[in-house]
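Engineer: File entry_28.cif below, mmCIF, C-alpha atoms:
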```cif
data_upload
#
loop_
_atom_site.label_atom_id
_atom_site.label_comp_id
_atom_site.auth_asym_id
_atom_site.auth_seq_id
_atom_site.Cartn_x
_atom_site.Cartn_y
_atom_site.Cartn_z
CA MET A 1 -3.56 18.95 43.73
CA LYS A 2 -5.46 21.57 41.87
CA SER A 3 -2.46 22.40 39.70
CA THR A 4 -1.98 18.74 38.72
CA PHE A 5 -5.59 18.65 37.64
CA ALA A 6 -5.14 21.88 35.70
CA THR A 7 -2.06 20.47 33.96
CA VAL A 8 -3.94 17.36 32.88
CA VAL A 9 -6.83 19.44 31.56
CA CYS A 10 -4.41 21.68 29.70
CA ARG A 11 -2.69 18.73 28.07
CA VAL A 12 -5.94 17.15 26.98
CA LEU A 13 -7.12 20.48 25.55
CA ALA A 14 -3.85 20.98 23.71
CA ALA A 15 -4.10 17.50 22.18
CA LEU A 16 -7.69 18.16 21.13
CA MET A 17 -6.76 21.49 19.56
CA ILE A 18 -4.15 19.75 17.43
CA TRP A 19 -6.50 16.98 16.36
CA THR A 20 -9.78 18.77 15.93
CA PRO A 21 -9.01 20.21 12.48
CA TYR A 22 -8.61 16.68 11.17
CA GLN A 23 -12.08 15.64 12.27
CA ILE A 24 -13.82 17.26 9.39
CA ALA A 25 -16.47 14.63 8.72
CA GLN A 26 -19.83 15.85 9.96
CA ALA A 27 -21.40 14.03 12.86
CA GLY A 28 -23.46 11.07 11.74
CA MET A 29 -22.36 11.14 8.10
CA ILE A 30 -20.03 8.40 6.88
CA GLY A 31 -17.21 10.08 4.97
CA THR A 32 -16.56 9.46 1.29
CA GLU A 33 -12.96 8.35 1.86
CA GLN A 34 -14.23 5.43 3.93
CA VAL A 35 -16.32 4.28 1.00
CA VAL A 36 -13.67 4.84 -1.62
CA GLN A 37 -10.88 3.07 0.23
CA SER A 38 -12.60 -0.26 0.47
CA THR A 39 -9.91 -1.86 2.60
CA GLN A 40 -10.31 0.67 5.34
CA SER A 41 -11.49 -0.60 8.69
CA GLU A 42 -12.45 1.43 11.72
CA ARG A 43 -9.12 0.50 13.25
CA GLY A 44 -7.43 1.84 10.11
CA ASN A 45 -9.27 5.12 10.57
CA VAL A 46 -8.06 5.47 14.10
CA ALA A 47 -4.51 4.68 12.98
CA ALA A 48 -4.67 7.29 10.22
CA PHE A 49 -6.12 9.78 12.68
CA MET A 50 -3.27 9.19 15.13
CA SER A 51 -0.58 9.28 12.48
CA ARG A 52 -1.74 12.67 11.19
CA GLY A 53 -0.43 14.15 14.42
CA GLU A 54 2.78 12.18 14.08
CA VAL A 55 3.37 13.16 10.46
CA ALA A 56 2.75 16.81 11.35
CA SER A 57 5.45 16.71 14.00
CA GLN A 58 7.78 14.81 11.67
CA LEU A 59 7.32 17.53 9.04
CA GLN A 60 8.07 20.12 11.69
CA ALA A 61 11.37 18.38 12.35
CA PHE A 62 12.29 19.03 8.70
CA GLY A 63 12.12 22.76 9.14
CA ILE A 64 8.56 24.05 8.93
CA ASP A 65 6.49 25.61 11.71
CA GLN A 66 3.65 23.89 13.54
CA LYS A 67 0.75 25.68 11.89
CA THR A 68 2.13 25.13 8.39
CA ALA A 69 2.80 21.46 9.15
CA GLN A 70 -0.80 20.98 10.33
CA ASP A 71 -2.21 22.69 7.25
CA ARG A 72 -0.07 20.53 4.99
CA VAL A 73 -1.09 17.32 6.72
CA ALA A 74 -4.75 18.34 6.46
CA SER A 75 -4.46 18.26 2.64
CA LEU A 76 -3.23 14.66 2.62
CA SER A 77 -5.51 11.67 2.16
CA ASP A 78 -5.35 8.88 4.76
CA GLU A 79 -3.43 6.75 2.30
CA GLU A 80 -0.88 9.51 1.78
CA VAL A 81 -0.50 9.98 5.54
CA ARG A 82 0.37 6.30 5.81
CA ALA A 83 2.84 6.62 2.93
CA LEU A 84 4.64 9.50 4.64
CA SER A 85 4.63 8.35 8.23
CA GLY A 86 8.18 7.66 9.37
CA LYS A 87 9.58 7.89 5.84
CA ILE A 88 10.03 11.60 5.26
CA ASP A 89 13.79 11.20 5.42
CA SER A 90 14.05 8.44 2.83
CA LEU A 91 11.42 9.34 0.19
CA PRO A 92 12.58 11.16 -2.95
CA ALA A 93 12.44 14.94 -2.65
CA GLY A 94 12.62 16.74 -5.98
CA ALA A 95 15.36 19.27 -5.52
CA VAL A 96 17.99 19.39 -8.24
CA ASP A 97 19.95 22.63 -8.28
CA GLY A 98 19.67 24.81 -11.36
CA TRP A 99 22.95 24.11 -13.15
CA VAL A 100 23.14 20.37 -12.52
CA TRP A 101 20.66 19.34 -15.18
CA VAL A 102 22.43 21.45 -17.79
CA VAL A 103 25.58 19.40 -17.24
CA VAL A 104 23.67 16.12 -17.19
CA VAL A 105 21.64 16.81 -20.29
CA LEU A 106 24.80 17.89 -22.14
CA LEU A 107 26.59 14.73 -21.01
CA ILE A 108 23.75 12.45 -22.06
CA ALA A 109 23.22 14.27 -25.34
CA GLY A 110 26.97 13.96 -25.95
CA ALA A 111 26.92 10.25 -25.22
CA VAL A 112 23.92 9.66 -27.48
CA TRP A 113 25.58 11.71 -30.25
CA TRP A 114 28.84 9.79 -29.83
CA ALA A 115 27.04 6.43 -29.95
CA TRP A 116 25.14 7.57 -33.05
CA LYS A 117 28.21 8.74 -34.98
CA ARG A 118 30.29 5.69 -34.20
CA MET B 1 8.65 3.02 -24.29
CA ALA B 2 8.63 -0.25 -26.22
CA GLU B 3 4.89 0.17 -26.67
CA LEU B 4 5.61 3.28 -28.75
CA ARG B 5 7.99 1.74 -31.28
CA GLY B 6 5.12 0.51 -33.41
CA GLY B 7 3.69 4.00 -33.72
CA LEU B 8 1.18 6.08 -31.82
CA PRO B 9 -2.33 4.77 -31.17
CA ALA B 10 -4.84 5.84 -33.80
CA GLY B 11 -6.20 9.32 -33.41
CA MET B 12 -3.25 10.71 -31.45
CA PRO B 13 -1.45 13.68 -32.99
CA GLU B 14 2.20 13.28 -34.01
CA GLN B 15 3.04 16.64 -32.49
CA VAL B 16 1.74 18.48 -29.45
CA GLU B 17 3.00 21.57 -27.72
CA LEU B 18 0.95 23.31 -25.06
CA LYS B 19 2.44 26.74 -25.66
CA GLU B 20 0.00 28.55 -23.39
CA VAL B 21 1.25 26.72 -20.27
CA PRO B 22 2.88 29.34 -18.04
CA PHE B 23 6.48 29.17 -16.91
CA PHE B 24 7.89 29.73 -13.44
CA PRO B 25 11.68 29.52 -13.32
CA GLN B 26 12.92 27.75 -10.22
CA TYR B 27 15.08 29.32 -7.56
CA GLU B 28 17.76 27.26 -5.84
CA TYR B 29 16.31 23.86 -4.96
CA GLN B 30 12.72 24.82 -5.45
CA CYS B 31 11.77 22.91 -8.56
CA GLY B 32 8.74 21.47 -6.71
CA PRO B 33 6.99 24.82 -6.21
CA ALA B 34 7.97 25.92 -9.74
CA ALA B 35 6.61 22.77 -11.40
CA LEU B 36 3.43 22.86 -9.32
CA ALA B 37 2.81 26.55 -10.08
CA THR B 38 3.17 25.72 -13.77
CA ALA B 39 0.59 22.92 -13.59
CA LEU B 40 -1.78 24.91 -11.35
CA GLY B 41 -1.51 27.91 -13.66
CA ALA B 42 -2.40 25.76 -16.65
CA ALA B 43 -5.45 24.47 -14.74
CA GLY B 44 -6.58 28.02 -14.09
CA ALA B 45 -5.36 28.75 -10.54
CA LYS B 46 -3.57 32.03 -10.02
CA VAL B 47 -0.61 31.19 -7.83
CA THR B 48 3.13 31.82 -8.07
CA ALA B 49 5.98 29.44 -7.31
CA GLU B 50 6.96 31.63 -4.36
CA GLN B 51 3.51 31.32 -2.82
CA LEU B 52 3.78 27.55 -3.03
CA VAL B 53 7.10 27.32 -1.20
CA PRO B 54 5.48 27.12 2.27
CA GLU B 55 3.00 24.54 0.92
CA VAL B 56 5.36 21.97 -0.58
CA TYR B 57 8.99 22.83 0.13
CA LEU B 58 10.72 20.96 2.95
CA PRO B 59 13.77 22.98 4.02
CA ALA B 60 15.75 20.20 5.70
CA ARG B 61 15.31 17.96 2.63
CA LYS B 62 15.97 20.84 0.22
CA GLY B 63 13.13 19.54 -1.88
CA SER B 64 9.46 18.58 -2.15
CA LEU B 65 7.89 15.19 -1.49
CA GLN B 66 5.69 13.54 -4.12
CA VAL B 67 2.58 13.17 -1.97
CA GLU B 68 2.85 16.79 -0.91
CA MET B 69 2.88 17.82 -4.57
CA LEU B 70 -0.41 15.94 -4.97
CA ALA B 71 -1.80 17.36 -1.73
CA ALA B 72 -0.89 21.00 -2.34
CA ALA B 73 -2.85 21.15 -5.60
CA ARG B 74 -6.02 20.38 -3.58
CA ARG B 75 -5.51 23.50 -1.49
CA HIS B 76 -6.16 25.45 -4.67
CA GLY B 77 -9.41 23.67 -5.44
CA MET B 78 -7.92 21.33 -8.04
CA VAL B 79 -7.98 17.56 -8.32
CA SER B 80 -4.51 16.01 -8.49
CA TYR B 81 -4.18 12.64 -10.19
CA LEU B 82 -1.27 10.23 -10.25
CA LEU B 83 -0.94 8.78 -13.75
CA ALA B 84 -0.40 5.10 -14.40
CA PRO B 85 3.36 4.57 -14.87
CA ARG B 86 3.22 4.34 -18.67
CA PHE B 87 4.89 6.51 -21.27
CA ILE B 88 1.83 6.44 -23.48
CA ASP B 89 -0.40 7.78 -20.70
CA THR B 90 1.76 10.87 -20.38
CA LEU B 91 1.56 11.42 -24.14
CA ARG B 92 -2.22 10.92 -24.03
CA GLU B 93 -2.61 13.57 -21.36
CA LEU B 94 -0.50 15.98 -23.40
CA ALA B 95 -2.60 15.26 -26.47
CA ALA B 96 -5.68 16.06 -24.37
CA GLY B 97 -4.17 19.41 -23.39
CA ASN B 98 -3.03 18.53 -19.88
CA PRO B 99 0.57 19.31 -18.88
CA VAL B 100 2.18 16.51 -16.86
CA VAL B 101 4.42 17.00 -13.81
CA VAL B 102 7.14 14.34 -13.82
CA LEU B 103 9.83 13.39 -11.32
CA GLU B 104 13.23 12.82 -12.89
CA ASP B 105 16.38 11.49 -11.29
CA TYR B 106 19.69 13.13 -12.15
CA ALA B 107 21.76 10.87 -9.91
CA PRO B 108 24.70 10.51 -9.59
CA PHE B 109 25.24 14.08 -10.75
CA GLY B 110 22.50 15.69 -8.76
CA THR B 111 19.29 14.42 -7.34
CA TRP B 112 15.56 14.31 -7.91
CA HIS B 113 13.99 16.97 -10.07
CA TYR B 114 10.41 17.95 -10.95
CA ALA B 115 9.77 19.13 -14.49
CA VAL B 116 6.58 19.69 -16.46
CA ALA B 117 6.07 17.94 -19.79
CA VAL B 118 4.20 20.29 -22.12
CA GLY B 119 4.56 18.56 -25.45
CA TYR B 120 6.16 15.96 -27.69
CA ASP B 121 7.24 15.45 -31.25
CA TYR B 122 6.85 11.80 -32.13
CA GLU B 123 8.59 12.08 -35.49
CA LYS B 124 11.74 13.57 -33.94
CA GLY B 125 11.37 11.54 -30.75
CA ASP B 126 11.45 14.57 -28.48
CA MET B 127 9.77 15.53 -25.24
CA ILE B 128 9.24 19.23 -24.56
CA LEU B 129 9.39 20.36 -20.94
CA ARG B 130 9.36 23.35 -18.65
CA SER B 131 12.31 22.52 -16.44
CA GLY B 132 14.37 24.39 -13.87
CA GLU B 133 15.44 27.69 -15.39
CA LYS B 134 14.56 26.68 -18.93
CA GLU B 135 11.21 27.59 -20.37
CA ARG B 136 11.59 25.14 -23.24
CA GLU B 137 13.77 22.15 -22.63
CA VAL B 138 13.88 19.42 -25.27
CA GLN B 139 14.81 15.89 -24.18
CA GLU B 140 15.01 12.95 -26.52
CA PHE B 141 12.54 10.19 -25.62
CA ALA B 142 15.46 7.94 -24.61
CA THR B 143 17.05 10.58 -22.38
CA PHE B 144 13.72 11.48 -20.87
CA GLU B 145 12.91 7.88 -20.12
CA LEU B 146 16.33 7.28 -18.57
CA LEU B 147 15.85 10.21 -16.19
CA TRP B 148 12.23 9.42 -15.49
CA ARG B 149 12.51 5.66 -14.96
CA ARG B 150 14.12 5.86 -11.56
CA SER B 151 11.04 7.47 -10.06
CA ASP B 152 9.02 4.49 -11.36
CA TYR B 153 7.62 6.82 -13.98
CA TRP B 154 6.03 9.11 -11.43
CA ALA B 155 3.72 11.57 -13.17
CA MET B 156 0.76 13.67 -12.08
CA VAL B 157 -1.78 15.97 -13.65
CA VAL B 158 -3.62 18.84 -11.98
CA MET B 159 -7.21 19.19 -13.16
CA PRO B 160 -9.88 21.82 -12.62
CA PRO B 161 -12.91 20.14 -10.99
CA ASP B 162 -15.03 20.29 -14.13
CA ARG B 163 -12.62 18.16 -16.16
CA ILE B 164 -11.46 14.53 -16.12
CA PRO B 165 -7.96 13.39 -17.24
CA ALA B 166 -7.80 11.55 -20.56
CA THR B 167 -6.36 8.44 -18.90
CA ALA B 168 -8.51 8.52 -15.76
CA ASP B 169 -9.43 5.18 -14.22
CA GLU B 170 -12.92 5.31 -12.66
CA GLU B 171 -11.92 4.08 -9.22
CA ARG B 172 -8.67 5.98 -8.91
CA TRP B 173 -10.21 9.20 -10.18
CA LEU B 174 -12.94 8.86 -7.56
CA SER B 175 -10.27 8.52 -4.86
CA ALA B 176 -8.60 11.65 -6.21
CA VAL B 177 -11.85 13.61 -5.96
CA ALA B 178 -12.55 12.20 -2.48
CA ALA B 179 -9.10 13.39 -1.40
CA LEU B 180 -10.00 16.91 -2.55
CA GLU B 181 -13.24 16.74 -0.55
CA HIS B 182 -11.37 15.42 2.48
CA ALA B 183 -8.87 18.28 2.23
CA GLY B 184 -11.71 20.74 2.76
CA GLY B 185 -12.52 21.69 -0.81
CA ALA B 186 -16.25 20.91 -0.58
CA ALA B 187 -17.35 23.42 -3.23
CA SER B 188 -14.75 22.24 -5.77
CA ALA B 189 -15.41 18.61 -4.85
CA ARG B 190 -19.13 19.13 -5.51
CA THR B 191 -18.33 20.22 -9.06
CA ALA B 192 -15.87 17.33 -9.48
CA TYR B 193 -18.43 14.74 -8.30
CA GLU B 194 -21.06 16.19 -10.64
CA THR B 195 -18.61 15.95 -13.52
CA PHE B 196 -17.76 12.40 -12.45
CA LEU B 197 -21.41 11.34 -12.37
CA LYS B 198 -21.99 12.66 -15.88
CA ARG B 199 -19.33 10.21 -17.08
CA TRP B 200 -20.10 7.31 -14.69
CA PRO B 201 -23.74 7.80 -13.58
CA GLN B 202 -24.01 4.42 -11.84
CA ASN B 203 -21.18 5.01 -9.36
CA THR B 204 -22.63 4.91 -5.84
CA GLY B 205 -19.37 6.10 -4.26
CA ALA B 206 -19.49 9.30 -6.29
CA ALA B 207 -23.14 9.86 -5.32
CA ILE B 208 -22.17 9.47 -1.66
CA GLY B 209 -19.36 11.96 -2.22
CA LEU B 210 -21.64 14.46 -3.94
CA ALA B 211 -24.16 14.20 -1.11
CA ASN B 212 -21.40 14.65 1.47
CA ALA B 213 -20.16 17.75 -0.33
CA HIS B 214 -23.72 19.16 -0.42
CA HIS B 215 -24.12 18.32 3.26
CA ALA B 216 -20.83 20.05 4.16
CA LEU B 217 -22.04 23.14 2.30
CA GLY B 218 -25.35 23.08 4.20
CA GLU B 219 -27.33 22.06 1.10
CA LEU B 220 -29.37 19.40 2.86
CA ARG B 221 -32.19 19.26 0.31
CA GLN B 222 -29.75 18.57 -2.51
CA ALA B 223 -27.91 15.98 -0.42
CA GLU B 224 -31.23 14.26 0.28
CA ARG B 225 -32.19 14.18 -3.39
CA VAL B 226 -28.84 12.67 -4.43
CA LEU B 227 -29.03 10.02 -1.69
CA ARG B 228 -32.63 9.09 -2.51
CA ASP B 229 -31.63 8.49 -6.12
CA ALA B 230 -28.64 6.44 -4.97
CA ALA B 231 -30.84 4.40 -2.59
CA GLN B 232 -33.12 3.49 -5.50
CA ARG B 233 -30.21 2.26 -7.59
CA ASP B 234 -28.33 0.64 -4.72
CA PRO B 235 -30.87 -0.23 -1.98
CA ASP B 236 -28.37 -2.28 0.04
CA SER B 237 -25.74 0.40 0.56
CA VAL B 238 -25.42 0.93 4.30
CA VAL B 239 -23.57 4.19 3.76
CA VAL B 240 -26.27 5.60 1.48
CA LEU B 241 -29.01 4.63 3.96
CA ASN B 242 -27.09 5.95 6.96
CA ASN B 243 -26.27 9.26 5.30
CA LEU B 244 -29.83 9.66 4.00
CA ALA B 245 -31.20 9.05 7.50
CA GLN B 246 -28.73 11.53 8.97
CA THR B 247 -29.57 14.14 6.34
CA LEU B 248 -33.31 13.75 7.11
CA SER B 249 -32.61 13.96 10.83
CA ASP B 250 -30.63 17.15 10.27
CA GLN B 251 -33.81 18.58 8.75
CA ASN B 252 -35.76 17.56 11.87
CA ARG B 253 -37.46 14.75 9.99
CA ASP B 254 -36.44 11.96 12.38
CA ALA B 255 -39.63 9.90 11.97
CA GLU B 256 -38.99 9.79 8.23
CA ALA B 257 -35.32 8.90 8.86
CA LEU B 258 -36.09 5.95 11.13
CA PRO B 259 -36.99 3.26 8.53
CA PHE B 260 -33.84 4.04 6.54
CA ILE B 261 -31.54 3.74 9.52
CA GLU B 262 -33.30 0.59 10.77
CA ARG B 263 -32.65 -0.96 7.38
CA ALA B 264 -28.99 0.17 7.43
CA VAL B 265 -28.44 -1.40 10.86
CA ALA B 266 -30.15 -4.63 9.77
CA LEU B 267 -27.84 -4.92 6.75
CA GLY B 268 -24.73 -4.93 8.96
CA GLY B 269 -21.24 -4.93 7.41
CA PRO B 270 -18.19 -2.78 8.09
CA HIS B 271 -20.21 0.40 8.68
CA ALA B 272 -22.70 -1.20 11.07
CA GLY B 273 -21.11 0.53 14.07
CA ALA B 274 -21.53 3.97 12.57
CA ALA B 275 -25.09 3.16 11.48
CA ASP B 276 -25.97 2.01 14.97
CA GLN B 277 -24.70 5.30 16.40
CA THR B 278 -26.83 7.24 13.94
CA ARG B 279 -29.84 5.10 14.93
CA GLN B 280 -29.27 5.83 18.62
CA SER B 281 -29.08 9.53 17.96
CA ILE B 282 -32.26 9.50 15.86
CA LEU B 283 -34.13 7.45 18.51
CA GLY B 284 -32.89 9.88 21.15
CA ARG B 285 -34.21 12.85 19.26
CA LEU B 286 -37.59 11.16 18.69
CA ALA B 287 -37.90 10.36 22.40
CA GLN B 288 -36.99 13.94 23.28
CA ARG B 289 -39.69 15.30 21.05
CA LYS B 290 -42.33 13.07 22.69
CA ASN B 291 -41.51 14.39 26.15
#
```
Go through the file and emit its structure as structure tokens.

Structural biologist:
Amino acid sequence: MKSTFATVVCRVLAALMIWTPYQIAQAGMIGTEQVVQSTQSERGNVAAFMSRGEVASQLQAFGIDQKTAQDRVASLSDEEVRALSGKIDSLPAGAVDGWVWVVVVLLIAGAVWWAWKR
Amino acid sequence: MAELRGGLPAGMPEQVELKEVPFFPQYEYQCGPAALATALGAAGAKVTAEQLVPEVYLPARKGSLQVEMLAAARRHGMVSYLLAPRFIDTLRELAAGNPVVVLEDYAPFGTWHYAVAVGYDYEKGDMILRSGEKEREVQEFATFELLWRRSDYWAMVVMPPDRIPATADEERWLSAVAALEHAGGAASARTAYETFLKRWPQNTGAAIGLANAHHALGELRQAERVLRDAAQRDPDSVVVLNNLAQTLSDQNRDAEALPFIERAVALGGPHAGAADQTRQSILGRLAQRKN
């Protein structure tokens, strides 16, 4: 009985530890983001708050550790959290390998030159 | 692009090259960190591409996401701003001395690629970029546009908090500064809000932001002064009244805070719930003091 209770307490504490860094608005003060994003409702705030945790674990799944993922999510605005949530796999990720653009630029320059001379 | 055929808008130089912008050659797939280090360096932050890898690079995607590029700049005390998707806006920023990070698409040969535009030559029709392993890459306007179009002309600038982009829109720039504040950069955000208010002194949102930044830094007197000014200009702002009351309460001046919070609650609106909570807390503290 006691151990079940302890497990529950542990889980709640773990969840709080993950979420606490995101609650940076000071008690009693209404945060600037809530003023700036005029469409935001209290329900929207709760959703953004929940999805920060989700986006952090999604980022983790793409190869970064938990602490780094949390730090990265903390730098996102609520709007950006919503933009990322569930879409990390499909959004563009700037990545082109060094030599590829050399080939492409040469090809395009060649094509433009060819079209010009014709 | 079509908007440029008739010539540049009056007052814009025909040629710009920001030669002092640093260069960080990319390694493997890490054009994101390299481009960001370039822009951050130009804005005055001392950070290398390698240091940025854990902040923006996503190993399983072998690349960096756009919103993370915007977000990472905030961790270095800078304001990141997404430009309107217009060719001319990128040229305007360059003319104002701000390098522009762009996302290009090399499909089907490769994939997405971040580069930094550092100049243009209108006469020749060339863009000048820091890109990949090349410190000075020249792309014809047509080539550049072809590569850039697929990202819906995605472009961002990284600004030190005491400057405003040449093409900044009041509302969107305020959101950009608020995002910096939200990311924990209260000291930088304070500077950015002050700069904002010099340009747009009537903006209540920016005053709220400045007061919040002061409050986060423990500067309650300054926060109070900013909010009192804002309350004079905009007496029906529930957020201004609530935050002013809270700031007074934090200085143990609950009796003074009470009329402000009563007024905020009476006004109602989307922040009424928060205002009511503040009122309860202030009433609680007043009752405690009586006992």

Engineer: Taking the file as I've supplied it (selection: the PyMOL selection byres ((chain A) within 6 of (chain B))), which residues are included? Please answer as a list in words.

Structural biologist: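 Selected by the PyMOL selection byres ((chain A) within 6 of (chain B)) here: Gly28, Met29, Thr32, Glu33, Val36, Phe62, Gly63, Ala74, Ser75, Leu76, Ser77, Ala93, Gly94, Ala95, Val96, Asp97 and Gly98 of chain A.
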
Engineer: Smallest atom-to-atom distance to Pro85 in chain B: which of B:Leu129, B:Ala49, B:Ala42, B:Met156, using all atoms listed in the file?

Structural biologist: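 Among the listed residues, the smallest separation from Pro85 in chain B belongs to B:Met156.
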
Engineer: Work out how far apart CA of Gln70 in chain A and CA of Val158 in chain B are and give it in Å to one decimal.

Structural biologist: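 One can read the CA of Gln70 in chain A to CA of Val158 in chain B distance as 22.6 Å.
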
Engineer: Using all atoms listed in the file, which residues sit within 8 Å of Val55 in chain A once same-chain residues fewer than 2 positions away are excluded, as a PyMOL selection string?

Structural biologist: chain A and resi 51-53+57-59+73+81+84-86

Engineer: Using CA of Tyr120 in chain B and CA of Lys46 in chain B as the two end points, give the distance in Å to one decimal.

Structural biologist: 25.8 Å

Engineer: Please write the residues picked by the PyMOL selection byres ((chain B and resi 264) around 7) on this file as a ChimeraX atom specification.

Structural biologist: /B:238,241-242,260-263,265-268,275

Engineer: Record the distance separating CA of Asp229 in chain B and CA of Ala189 in chain B, expressed in Å with one decimal.

Structural biologist: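 Between CA of Asp229 in chain B and CA of Ala189 in chain B the gap is 19.2 Å.
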
Engineer: Please identify all polymer residues within 8 Å of Glu14 in chain B, counting only C-alpha atoms, omitting same-chain residues fewer than 6 positions from it, and present them as a tab-separated table (two decimals) with C-alpha atoms, keeping the file's coordinate frame.

Structural biologist:
```tsv
chain	number	residue	atom	x	y	z
B	8	LEU	CA	1.18	6.08	-31.82
B	120	TYR	CA	6.16	15.96	-27.69
B	121	ASP	CA	7.24	15.45	-31.25
B	122	TYR	CA	6.85	11.80	-32.13
B	123	GLU	CA	8.59	12.08	-35.49
```
